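As stored in final_29.cif (mmCIF, C-alpha atoms):
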data_my_file
#
loop_
_atom_site.label_atom_id
_atom_site.label_comp_id
_atom_site.auth_asym_id
_atom_site.auth_seq_id
_atom_site.Cartn_x
_atom_site.Cartn_y
_atom_site.Cartn_z
CA MET I 1 -4.26 30.19 8.31
CA SER I 2 -5.19 27.08 6.35
CA GLU I 3 -3.28 23.83 6.61
CA ARG I 4 -1.54 24.01 3.21
CA PRO I 5 0.33 27.30 3.83
CA LEU I 6 1.38 25.97 7.22
CA ARG I 7 2.82 22.87 5.60
CA LEU I 8 4.66 24.92 2.98
CA ALA I 9 6.05 27.20 5.68
CA ALA I 10 7.16 24.21 7.76
CA ALA I 11 8.81 22.62 4.72
CA ALA I 12 10.62 25.85 3.82
CA GLY I 13 11.74 26.25 7.43
CA GLY I 14 13.00 22.67 7.57
CA LEU I 15 14.94 23.15 4.32
CA LEU I 16 16.56 26.34 5.63
CA VAL I 17 17.59 24.52 8.81
CA LEU I 18 19.13 21.70 6.76
CA LEU I 19 21.09 24.19 4.67
CA ALA I 20 22.30 26.05 7.76
CA LEU I 21 23.43 23.02 9.78
CA PRO I 22 26.83 22.54 8.04
CA PHE I 23 27.91 25.93 9.36
CA TYR I 24 27.45 24.78 12.97
CA LEU I 25 28.04 21.01 13.15
CA ASP I 26 31.36 19.26 13.65
CA ALA I 27 32.71 16.43 11.50
CA PHE I 28 31.01 13.66 13.48
CA TRP I 29 27.52 15.09 13.12
CA LEU I 30 28.11 16.02 9.49
CA GLN I 31 29.11 12.47 8.60
CA THR I 32 26.19 11.08 10.61
CA GLY I 33 23.81 13.37 8.75
CA LEU I 34 25.29 12.33 5.41
CA PHE I 35 24.71 8.67 6.22
CA ALA I 36 21.15 9.46 7.30
CA MET I 37 20.30 11.41 4.14
CA SER I 38 21.78 8.80 1.81
CA ALA I 39 19.90 6.10 3.70
CA ALA I 40 16.72 8.17 3.43
CA ILE I 41 17.00 8.23 -0.37
CA GLY I 42 17.38 4.45 -0.49
CA ALA I 43 14.58 3.95 2.04
CA ILE I 44 12.18 6.08 -0.01
CA GLY I 45 12.77 3.76 -2.96
CA LEU I 46 12.23 0.65 -0.86
CA ASN I 47 9.07 2.15 0.64
CA LEU I 48 7.66 2.64 -2.86
CA LEU I 49 8.31 -1.02 -3.52
CA THR I 50 7.46 -2.70 -0.22
CA GLY I 51 5.32 -0.17 1.62
CA ALA I 52 3.18 1.08 -1.27
CA THR I 53 3.12 -1.89 -3.65
CA GLY I 54 3.56 -4.74 -1.17
CA GLN I 55 6.60 -6.33 -2.83
CA LEU I 56 9.00 -7.71 -0.24
CA SER I 57 12.59 -7.11 -1.32
CA MET I 58 15.54 -8.51 0.59
CA GLY I 59 18.06 -7.49 -2.05
CA HIS I 60 18.09 -3.70 -1.66
CA ALA I 61 21.77 -3.74 -0.62
CA PHE I 62 22.64 -5.23 -4.01
CA PHE I 63 21.33 -2.18 -5.85
CA LEU I 64 23.13 0.15 -3.44
CA ALA I 65 26.32 -1.74 -4.32
CA VAL I 66 25.59 -1.33 -8.03
CA GLY I 67 25.25 2.41 -7.52
CA ALA I 68 28.41 2.71 -5.40
CA TYR I 69 30.68 0.52 -7.52
CA GLY I 70 29.08 1.75 -10.74
CA TYR I 71 30.10 5.29 -9.88
CA VAL I 72 33.64 4.22 -8.98
CA TYR I 73 34.07 2.24 -12.20
CA LEU I 74 32.60 4.92 -14.45
CA ALA I 75 34.53 7.80 -12.83
CA SER I 76 37.93 6.11 -12.29
CA ASP I 77 40.72 5.88 -14.81
CA SER I 78 42.19 2.49 -15.63
CA GLY I 79 45.40 1.79 -13.76
CA PRO I 80 47.18 -0.62 -11.44
CA HIS I 81 44.39 -0.32 -8.87
CA GLY I 82 41.59 -1.32 -11.21
CA ALA I 83 39.77 -0.68 -14.45
CA GLY I 84 37.59 2.32 -15.18
CA LEU I 85 36.09 4.40 -17.96
CA GLY I 86 37.28 7.79 -16.72
CA LEU I 87 34.00 9.57 -17.44
CA PRO I 88 33.25 13.03 -16.05
CA THR I 89 32.07 12.50 -12.50
CA PRO I 90 28.56 14.04 -12.93
CA LEU I 91 28.00 11.71 -15.88
CA ALA I 92 29.37 8.82 -13.82
CA PHE I 93 26.94 9.65 -10.98
CA VAL I 94 23.97 9.64 -13.36
CA GLY I 95 25.34 6.51 -15.03
CA ALA I 96 25.50 4.73 -11.66
CA ILE I 97 21.79 5.46 -11.12
CA VAL I 98 21.02 4.18 -14.61
CA LEU I 99 23.09 1.03 -14.02
CA ALA I 100 21.12 0.32 -10.85
CA GLY I 101 17.90 0.81 -12.82
CA VAL I 102 19.14 -1.57 -15.52
CA ALA I 103 19.97 -4.15 -12.84
CA GLY I 104 16.46 -3.72 -11.46
CA GLY I 105 15.06 -4.02 -14.98
CA LEU I 106 16.86 -7.33 -15.50
CA PHE I 107 15.28 -8.62 -12.30
CA SER I 108 11.88 -7.02 -12.97
CA PRO I 109 10.41 -9.98 -14.93
CA ILE I 110 10.80 -12.03 -11.74
CA ALA I 111 9.50 -9.16 -9.61
CA GLY I 112 6.47 -8.84 -11.87
CA ARG I 113 5.46 -12.46 -11.38
CA LEU I 114 6.33 -13.19 -7.75
CA ARG I 115 4.92 -11.72 -4.58
CA GLY I 116 5.29 -11.90 -0.83
CA VAL I 117 7.84 -14.23 0.67
CA TYR I 118 8.61 -15.78 -2.73
CA LEU I 119 9.85 -12.46 -4.07
CA GLY I 120 11.77 -11.92 -0.83
CA ILE I 121 13.60 -15.22 -1.24
CA ALA I 122 14.29 -14.58 -4.91
CA SER I 123 15.65 -11.07 -4.19
CA LEU I 124 17.77 -12.47 -1.36
CA ALA I 125 19.73 -14.38 -4.00
CA LEU I 126 20.91 -11.02 -5.35
CA ILE I 127 22.84 -10.44 -2.12
CA PHE I 128 24.81 -13.69 -2.50
CA ILE I 129 25.46 -13.04 -6.19
CA GLY I 130 26.52 -9.49 -5.45
CA GLN I 131 28.89 -10.49 -2.66
CA HIS I 132 30.53 -13.10 -4.88
CA VAL I 133 31.05 -10.56 -7.66
CA LEU I 134 32.32 -7.84 -5.32
CA PHE I 135 34.92 -10.10 -3.75
CA ASN I 136 36.11 -11.80 -6.93
CA ALA I 137 35.86 -9.26 -9.76
CA GLU I 138 38.98 -7.50 -8.49
CA THR I 139 39.64 -5.57 -11.68
CA VAL I 140 36.34 -3.74 -11.31
CA THR I 141 35.64 -3.80 -7.57
CA GLY I 142 39.10 -4.04 -6.00
CA GLY I 143 38.20 -7.30 -4.24
CA PHE I 144 38.40 -7.49 -0.44
CA ASN I 145 40.17 -4.13 -0.13
CA GLY I 146 37.69 -2.20 -2.25
CA ARG I 147 38.54 0.90 -4.28
CA ASP I 148 39.06 4.59 -3.68
CA VAL I 149 36.17 6.80 -4.73
CA PRO I 150 36.95 9.70 -7.09
CA PRO I 151 35.52 12.98 -5.74
CA LEU I 152 32.59 14.47 -7.59
CA GLU I 153 33.45 17.54 -9.65
CA ILE I 154 30.80 19.79 -11.21
CA ALA I 155 31.86 22.75 -13.38
CA GLY I 156 35.27 22.84 -11.70
CA PHE I 157 33.82 22.65 -8.17
CA ARG I 158 35.16 19.60 -6.33
CA PHE I 159 33.34 17.91 -3.46
CA ASN I 160 36.46 17.34 -1.38
CA ASP I 161 38.80 19.37 0.83
CA SER I 162 40.55 21.18 -2.01
CA PRO I 163 40.56 23.88 -3.16
CA GLU I 164 39.98 25.70 0.10
CA LEU I 165 36.58 27.33 0.33
CA VAL I 166 35.41 29.67 3.12
CA LEU I 167 31.84 30.91 3.41
CA PHE I 168 30.62 33.11 6.29
CA ASN I 169 34.01 32.53 7.97
CA VAL I 170 33.36 28.76 7.98
CA PRO I 171 35.73 26.52 5.97
CA LEU I 172 33.70 24.20 3.77
CA GLY I 173 35.50 20.88 3.44
CA ALA I 174 34.40 17.63 1.83
CA LEU I 175 31.74 16.84 4.43
CA GLU I 176 30.12 20.28 4.24
CA ARG I 177 30.06 20.21 0.45
CA LEU I 178 28.65 16.69 0.34
CA TRP I 179 26.00 17.75 2.85
CA PHE I 180 24.63 20.29 0.36
CA LEU I 181 24.77 17.66 -2.39
CA ALA I 182 22.81 15.22 -0.19
CA VAL I 183 20.14 17.85 0.50
CA LEU I 184 19.97 18.61 -3.22
CA LEU I 185 19.32 14.91 -3.91
CA LEU I 186 17.04 14.12 -0.96
CA VAL I 187 14.53 16.95 -1.43
CA PRO I 188 13.55 16.13 -5.04
CA ALA I 189 13.69 12.39 -4.27
CA ALA I 190 11.14 12.83 -1.48
CA TRP I 191 9.04 15.26 -3.53
CA ILE I 192 8.85 12.92 -6.54
CA ALA I 193 7.96 9.94 -4.34
CA ARG I 194 5.29 11.98 -2.54
CA GLY I 195 3.79 13.00 -5.89
CA ILE I 196 3.75 9.39 -7.07
CA LEU I 197 2.10 8.14 -3.89
CA ARG I 198 -0.57 10.87 -3.89
CA GLY I 199 -1.37 10.55 -7.58
CA ARG I 200 -2.95 7.91 -9.77
CA PRO I 201 0.14 5.63 -9.76
CA GLY I 202 0.09 5.63 -5.95
CA ARG I 203 -3.55 4.62 -5.85
CA ALA I 204 -2.86 1.81 -8.30
CA MET I 205 0.13 0.64 -6.24
CA ASN I 206 -1.92 0.62 -3.05
CA THR I 207 -4.66 -1.36 -4.76
CA ILE I 208 -2.12 -3.93 -5.90
CA ARG I 209 -0.82 -4.16 -2.35
CA ASP I 210 -4.23 -4.53 -0.75
CA HIS I 211 -5.99 -6.73 -3.31
CA GLU I 212 -4.18 -7.78 -6.45
CA THR I 213 -7.20 -9.47 -8.03
CA ALA I 214 -9.34 -6.38 -7.55
CA ALA I 215 -6.60 -4.25 -9.11
CA ALA I 216 -6.51 -6.51 -12.17
CA VAL I 217 -10.30 -6.40 -12.50
CA MET I 218 -10.19 -2.59 -12.35
CA GLY I 219 -7.79 -2.59 -15.31
CA VAL I 220 -4.51 -1.99 -13.48
CA PRO I 221 -1.61 -3.70 -15.34
CA VAL I 222 -0.35 -5.49 -12.25
CA ALA I 223 2.78 -7.11 -13.72
CA ARG I 224 3.81 -3.88 -15.43
CA TYR I 225 3.37 -1.85 -12.25
CA ARG I 226 5.31 -4.39 -10.20
CA ALA I 227 8.19 -4.37 -12.67
CA GLY I 228 8.18 -0.58 -13.07
CA VAL I 229 8.21 0.10 -9.33
CA PHE I 230 11.07 -2.37 -8.91
CA VAL I 231 13.12 -0.44 -11.48
CA LEU I 232 12.29 2.89 -9.82
CA SER I 233 13.19 1.54 -6.39
CA SER I 234 16.49 0.25 -7.78
CA MET I 235 17.32 3.70 -9.18
CA TYR I 236 16.68 5.28 -5.78
CA ALA I 237 19.02 2.69 -4.28
CA GLY I 238 21.63 3.46 -6.94
CA ALA I 239 21.56 7.17 -6.05
CA ALA I 240 21.89 6.31 -2.36
CA GLY I 241 24.78 3.96 -3.06
CA ALA I 242 26.69 6.52 -5.14
CA LEU I 243 26.20 9.15 -2.41
CA LEU I 244 27.35 6.66 0.24
CA ALA I 245 30.48 5.95 -1.79
CA LEU I 246 31.28 9.67 -1.91
CA ALA I 247 30.73 9.97 1.84
CA PHE I 248 32.86 6.90 2.70
CA ARG I 249 35.54 7.77 0.08
CA ARG I 250 36.19 4.05 -0.30
CA THR I 251 33.95 1.16 -1.28
CA VAL I 252 34.15 -1.99 0.86
CA PRO I 253 32.29 -5.20 -0.17
CA ASP I 254 31.47 -6.24 3.39
CA TYR I 255 29.24 -3.22 3.86
CA PHE I 256 26.79 -4.24 1.12
CA GLY I 257 25.64 -7.48 2.73
CA MET I 258 22.46 -8.94 4.14
CA PHE I 259 22.55 -6.81 7.29
CA LEU I 260 22.28 -3.66 5.16
CA SER I 261 19.12 -4.98 3.49
CA LEU I 262 17.66 -5.80 6.91
CA ASP I 263 18.52 -2.30 8.08
CA TYR I 264 16.52 -0.83 5.19
CA LEU I 265 13.53 -3.02 5.96
CA ALA I 266 13.73 -1.82 9.57
CA MET I 267 13.80 1.80 8.34
CA ILE I 268 10.54 1.60 6.43
CA VAL I 269 8.75 -0.40 9.15
CA ILE I 270 9.81 1.94 11.96
CA GLY I 271 9.20 5.08 9.92
CA GLY I 272 5.88 3.97 8.43
CA LEU I 273 5.05 1.89 5.37
CA GLY I 274 3.87 3.61 2.23
CA THR I 275 4.96 7.21 2.91
CA ALA I 276 8.01 9.22 1.90
CA ALA I 277 8.06 10.99 5.27
CA GLY I 278 8.04 7.63 7.05
CA ALA I 279 11.02 6.44 5.00
CA VAL I 280 12.98 9.56 5.94
CA ALA I 281 12.07 9.28 9.64
CA GLY I 282 12.97 5.59 9.78
CA ALA I 283 16.24 6.15 7.92
CA VAL I 284 17.27 8.87 10.38
CA PHE I 285 16.42 6.63 13.35
CA VAL I 286 18.25 3.55 12.08
CA SER I 287 21.28 5.44 10.71
CA VAL I 288 21.83 7.82 13.61
CA LEU I 289 21.35 5.32 16.45
CA PRO I 290 24.57 3.29 15.86
CA GLN I 291 26.57 6.50 15.49
CA LEU I 292 25.21 7.85 18.77
CA LEU I 293 25.96 4.60 20.58
CA THR I 294 29.50 4.64 19.20
CA ARG I 295 30.02 8.26 20.22
CA PHE I 296 28.51 8.02 23.69
CA GLY I 297 28.94 4.28 24.38
CA ASP I 298 31.42 4.88 27.22
CA ASP I 299 28.68 6.63 29.20
CA LEU I 300 26.01 3.98 28.61
CA PRO I 301 25.57 0.72 30.56
CA LEU I 302 26.21 -2.63 28.81
CA VAL I 303 27.67 -0.93 25.72
CA ALA I 304 31.36 -1.69 25.21
CA ALA I 305 33.96 -0.99 22.58
CA PRO I 306 33.98 -3.38 19.60
CA GLY I 307 36.05 -6.51 20.30
CA SER I 308 35.79 -6.21 24.07
CA ALA I 309 33.46 -7.90 26.54
CA GLY I 310 29.91 -6.66 26.35
CA VAL I 311 27.61 -5.51 23.59
CA SER I 312 29.22 -3.47 20.81
CA PRO I 313 27.52 -0.26 19.63
CA ALA I 314 26.46 -1.90 16.35
CA GLU I 315 24.94 -4.88 18.16
CA ALA I 316 23.22 -2.61 20.69
CA ALA I 317 21.77 -0.54 17.84
CA ARG I 318 20.36 -3.63 16.14
CA ILE I 319 18.84 -4.81 19.41
CA LEU I 320 17.21 -1.43 19.97
CA TYR I 321 15.74 -0.97 16.54
CA GLY I 322 14.76 -4.63 16.48
CA ALA I 323 12.74 -3.88 19.60
CA ALA I 324 11.43 -0.77 17.86
CA VAL I 325 10.21 -2.89 14.92
CA VAL I 326 8.32 -5.19 17.32
CA ALA I 327 6.83 -2.20 19.13
CA VAL I 328 5.73 -0.59 15.86
CA VAL I 329 4.12 -3.80 14.59
CA LEU I 330 2.27 -4.38 17.86
CA PHE I 331 1.32 -0.87 18.98
CA LEU I 332 2.08 1.68 16.22
CA PRO I 333 1.15 0.12 12.86
CA GLY I 334 1.63 3.45 11.11
CA GLY I 335 5.18 3.86 12.39
CA LEU I 336 6.66 7.23 13.32
CA ALA I 337 4.89 9.01 10.46
CA GLY I 338 1.54 7.50 11.43
CA THR I 339 2.03 8.49 15.06
CA TRP I 340 2.74 12.07 14.04
CA SER I 341 -0.39 12.12 11.84
CA ARG I 342 -2.54 10.82 14.70
CA LEU I 343 -1.15 13.45 17.06
CA ARG I 344 -1.92 16.18 14.53
CA THR I 345 -5.44 14.86 14.02
CA ALA I 346 -6.05 14.72 17.76
CA ALA I 347 -4.78 18.29 18.16
CA SER I 348 -7.04 19.48 15.33
CA ARG I 349 -10.05 17.80 16.93
CA ARG I 350 -9.28 19.43 20.28
CA ARG I 351 -9.06 22.84 18.62
CA ALA I 352 -12.35 22.22 16.80
CA ALA I 353 -14.06 21.05 19.99
CA ARG I 354 -13.08 24.00 22.20
CA PRO I 355 -15.57 26.87 22.46
CA LEU I 356 -14.91 29.86 20.23
CA THR I 357 -13.60 32.98 21.90
CA ARG I 358 -14.67 36.45 20.90
CA LEU I 359 -11.41 36.90 18.98
CA ASP I 360 -12.00 33.64 17.05
CA GLN I 361 -15.53 34.78 16.13
CA GLU I 362 -14.20 38.11 14.87
CA GLU I 363 -11.56 36.32 12.76
CA GLN I 364 -14.20 34.08 11.21
CA LEU I 365 -16.40 37.08 10.37
CA THR I 366 -13.49 38.86 8.70
#

Could you show the structure in this file as structure tokens?
Amino acid sequence: MSERPLRLAAAAGGLLVLLALPFYLDAFWLQTGLFAMSAAIGAIGLNLLTGATGQLSMGHAFFLAVGAYGYVYLASDSGPHGAGLGLPTPLAFVGAIVLAGVAGGLFSPIAGRLRGVYLGIASLALIFIGQHVLFNAETVTGGFNGRDVPPLEIAGFRFNDSPELVLFNVPLGALERLWFLAVLLLVPAAWIARGILRGRPGRAMNTIRDHETAAAVMGVPVARYRAGVFVLSSMYAGAAGALLALAFRRTVPDYFGMFLSLDYLAMIVIGGLGTAAGAVAGAVFVSVLPQLLTRFGDDLPLVAAPGSAGVSPAEAARILYGAAVVAVVLFLPGGLAGTWSRLRTAASRRRAARPLTRLDQEEQLT
């Protein structure tokens, strides 16, 4: 069997496993998986920007906040707890993604002209601006306490615990329903990014990353590509932010700070720069690790409950994936995705090098 059918079969099998997991996992693992899938969507966008095009962005958390709070504002009704437009929730979800893209478009003239550390510093300003707005625009954001997130409702089907829904003798609550929504968003997000990276735009983005002057000489509109990828990355972040808001059920300004942007940079470095699969792998690693340390911290040495003596699960997670970033930079420049590719290549070479058996020769003749 050729390699392409094998890949399609593996992808179909992986999708079936993802769709079956909600029927077997408990609430902890469902919520952990939701965080991982929403992070994967945001990490794919950042990998298009930083991994493929070479634009360092430190402000990714800002665009996640735009997506999260944009959804809340567009979907909520005005009342004593804050202002809102009261739009249908599917329209509000799409509107949140568009708002994040508009925010990226407003910043894109800067992104189109700066590069490297200069763009990183400029995008870092978005975090401080965003935090100031989130804490002080109380009518829209709810201030320090945040705002409740209206549940998504599509054609009368609500992504929360009511009405009761049972499928295959398994009650499907909010987490199970949001799991299917996350899969429905993640799969096309990864597929679109993969198509972009493997097509002509991807080649142009890689040329800009590797040698900007050569890209300009070859006729690539460098500034336009830089600005366009920044907008696209912002829209991915907006979708991730809106999905995170639905999973959390409440938006909190403290979450969308500098540490979140650093987490996303760690995701794409650990997973592998410039690939959609690397972004997904890195997002799963960085998102799941703190949850595992929190769940099983009592059984691990040096990990203590938050506020007590010792290293908290969140701090331990940052130490571990900080060490993972150093290890990837020094020993595994392709990240987790690159390591998997090298293992596959080595296995293929071993199969090609081994002597053919009589059965192999008969298969080749047929």

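Here CA of Asn136 (chain I) is placed at a distance of 23.0 Å from CA of Ser234 (chain I).
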
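For Pro253 (chain I), the residues within 8 Å (counting all atoms listed in the file, excluding itself and residues fewer than 5 positions away along the chain) are Gln131, Leu134, Phe135, Gly143, Phe144, Asn145 and Gly146 of chain I.
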
Response to the item:
Expressed in Å, the length from CA of Ile196 (chain I) to CA of Ser38 (chain I) is 20.1 Å

Worksheet entry | Selection dump of the PyMOL selection byres ((chain I and resi 183) around 10), as a PyMOL selection string | chain I and resi 15+18-19+34+37-38+178-182+184-189

Kindly save the residues from that selection, with C-alpha atoms included, as a short mmCIF file (atom, residue, chain, number, x, y, z; two decimals), in the frame of the given file.
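See again-v3.cif below for the written result:
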data_model
loop_
_atom_site.label_atom_id
_atom_site.label_comp_id
_atom_site.auth_asym_id
_atom_site.auth_seq_id
_atom_site.Cartn_x
_atom_site.Cartn_y
_atom_site.Cartn_z
CA LEU I 15 14.94 23.15 4.32
CA LEU I 18 19.13 21.70 6.76
CA LEU I 19 21.09 24.19 4.67
CA LEU I 34 25.29 12.33 5.41
CA MET I 37 20.30 11.41 4.14
CA SER I 38 21.78 8.80 1.81
CA LEU I 178 28.65 16.69 0.34
CA TRP I 179 26.00 17.75 2.85
CA PHE I 180 24.63 20.29 0.36
CA LEU I 181 24.77 17.66 -2.39
CA ALA I 182 22.81 15.22 -0.19
CA LEU I 184 19.97 18.61 -3.22
CA LEU I 185 19.32 14.91 -3.91
CA LEU I 186 17.04 14.12 -0.96
CA VAL I 187 14.53 16.95 -1.43
CA PRO I 188 13.55 16.13 -5.04
CA ALA I 189 13.69 12.39 -4.27
#

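Computed from the coordinates, the CA of Ala266 (chain I) to CA of Val326 (chain I) distance equals 10.0 Å.
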
Item to complete: List every protein, DNA or RNA residue with an atom no more than 9 Å from (26.9, -7.6, 3.5) in the file's coordinates, counting all atoms listed in the file, and format the result as an NGL selection string.
Response: :I and (61-62 or 127-128 or 131 or 253-261)

Worksheet item: Of the candidates I:Pro290, I:Arg203, I:Met218, I:Gly84, which one gets nearest to Ile319 (chain I) if we count only C-alpha atoms?
Response: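 Answer, going by the shortest atom-to-atom distance: I:Pro290.
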
Item to complete: Name the residues within 8 Å of (34.7, 22.8, 2.6), counting only C-alpha atoms in the file's coordinates, and put them as a list in words.
Response: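 Residues with an atom at most 8 Å from (34.7, 22.8, 2.6): Phe159, Asn160, Asp161, Ser162, Glu164, Leu165, Val166, Pro171, Leu172, Gly173, Ala174, Leu175, Glu176 and Arg177 of chain I.
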
Write a file of the selected residues as a tab-separated table (two decimals), in the frame of the given file, keeping C-alpha atoms.
chain	number	residue	atom	x	y	z
I	159	PHE	CA	33.34	17.91	-3.46
I	160	ASN	CA	36.46	17.34	-1.38
I	161	ASP	CA	38.80	19.37	0.83
I	162	SER	CA	40.55	21.18	-2.01
I	164	GLU	CA	39.98	25.70	0.10
I	165	LEU	CA	36.58	27.33	0.33
I	166	VAL	CA	35.41	29.67	3.12
I	171	PRO	CA	35.73	26.52	5.97
I	172	LEU	CA	33.70	24.20	3.77
I	173	GLY	CA	35.50	20.88	3.44
I	174	ALA	CA	34.40	17.63	1.83
I	175	LEU	CA	31.74	16.84	4.43
I	176	GLU	CA	30.12	20.28	4.24
I	177	ARG	CA	30.06	20.21	0.45

Practice prompt. Would you please work out which residue, of I:Val280, I:Val72, I:Ala20, I:Ala314, is nearest to Val170 (chain I) when using all atoms listed in the file?
Written response: I:Ala20

Item to complete: Find the residue from I:Leu6, I:Met267, I:Leu114, I:Ala240 that sits nearest to Gly51 (chain I); use only C-alpha atoms when measuring.
Response: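 With only C-alpha atoms as the atom set, the closest residue is I:Met267.
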
Discussion item. Nearest residue to Ser76 (chain I) out of I:Arg200, I:Arg147, I:Arg349, I:Arg209, using only C-alpha atoms?
Written reply: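 Of all the options, I:Arg147 lies closest to Ser76 (chain I).
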
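Between Ala36 (chain I) and the residues I:Gly67, I:Gly334, I:Gly282, I:Pro313, the shortest atom-to-atom distance, using all atoms listed in the file, involves I:Gly282.
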
For N, CA, C and O atoms, please extract region 212-227 of chain I from the block and return it as a short mmCIF file (atom, residue, chain, number, x, y, z; two decimals), in the first residue's frame.
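File out_24.cif, as written:
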data_model
loop_
_atom_site.label_atom_id
_atom_site.label_comp_id
_atom_site.auth_asym_id
_atom_site.auth_seq_id
_atom_site.Cartn_x
_atom_site.Cartn_y
_atom_site.Cartn_z
N GLU I 212 14.47 37.37 3.09
CA GLU I 212 13.48 38.35 2.68
C GLU I 212 13.87 39.05 1.38
O GLU I 212 13.03 39.29 0.51
N THR I 213 15.15 39.38 1.23
CA THR I 213 15.60 40.07 0.02
C THR I 213 15.41 39.19 -1.21
O THR I 213 14.95 39.65 -2.27
N ALA I 214 15.74 37.91 -1.08
CA ALA I 214 15.54 36.99 -2.19
C ALA I 214 14.07 36.87 -2.55
O ALA I 214 13.71 36.79 -3.74
N ALA I 215 13.20 36.86 -1.54
CA ALA I 215 11.76 36.79 -1.80
C ALA I 215 11.29 38.01 -2.58
O ALA I 215 10.50 37.90 -3.53
N ALA I 216 11.78 39.19 -2.20
CA ALA I 216 11.39 40.41 -2.91
C ALA I 216 11.90 40.39 -4.35
O ALA I 216 11.19 40.80 -5.28
N VAL I 217 13.11 39.91 -4.56
CA VAL I 217 13.66 39.83 -5.91
C VAL I 217 12.85 38.86 -6.78
O VAL I 217 12.66 39.09 -7.98
N MET I 218 12.35 37.80 -6.17
CA MET I 218 11.56 36.82 -6.91
C MET I 218 10.14 37.29 -7.18
O MET I 218 9.35 36.59 -7.82
N GLY I 219 9.78 38.48 -6.69
CA GLY I 219 8.47 39.04 -6.97
C GLY I 219 7.43 38.80 -5.90
O GLY I 219 6.24 39.07 -6.10
N VAL I 220 7.84 38.29 -4.74
CA VAL I 220 6.90 38.07 -3.64
C VAL I 220 6.60 39.40 -2.95
O VAL I 220 7.53 40.09 -2.54
N PRO I 221 5.33 39.81 -2.85
CA PRO I 221 5.00 41.05 -2.13
C PRO I 221 5.17 40.86 -0.63
O PRO I 221 4.23 40.46 0.07
N VAL I 222 6.36 41.15 -0.15
CA VAL I 222 6.73 40.79 1.23
C VAL I 222 5.81 41.46 2.24
O VAL I 222 5.26 40.81 3.14
N ALA I 223 5.64 42.78 2.13
CA ALA I 223 4.83 43.51 3.11
C ALA I 223 3.39 43.01 3.11
O ALA I 223 2.76 42.85 4.16
N ARG I 224 2.87 42.71 1.91
CA ARG I 224 1.48 42.24 1.82
C ARG I 224 1.34 40.86 2.46
O ARG I 224 0.37 40.58 3.17
N TYR I 225 2.31 39.99 2.22
CA TYR I 225 2.26 38.66 2.83
C TYR I 225 2.37 38.76 4.35
O TYR I 225 1.65 38.06 5.08
N ARG I 226 3.28 39.59 4.82
CA ARG I 226 3.43 39.73 6.27
C ARG I 226 2.14 40.21 6.91
O ARG I 226 1.70 39.68 7.93
N ALA I 227 1.52 41.21 6.31
CA ALA I 227 0.27 41.74 6.86
C ALA I 227 -0.85 40.72 6.77
O ALA I 227 -1.63 40.53 7.72
#
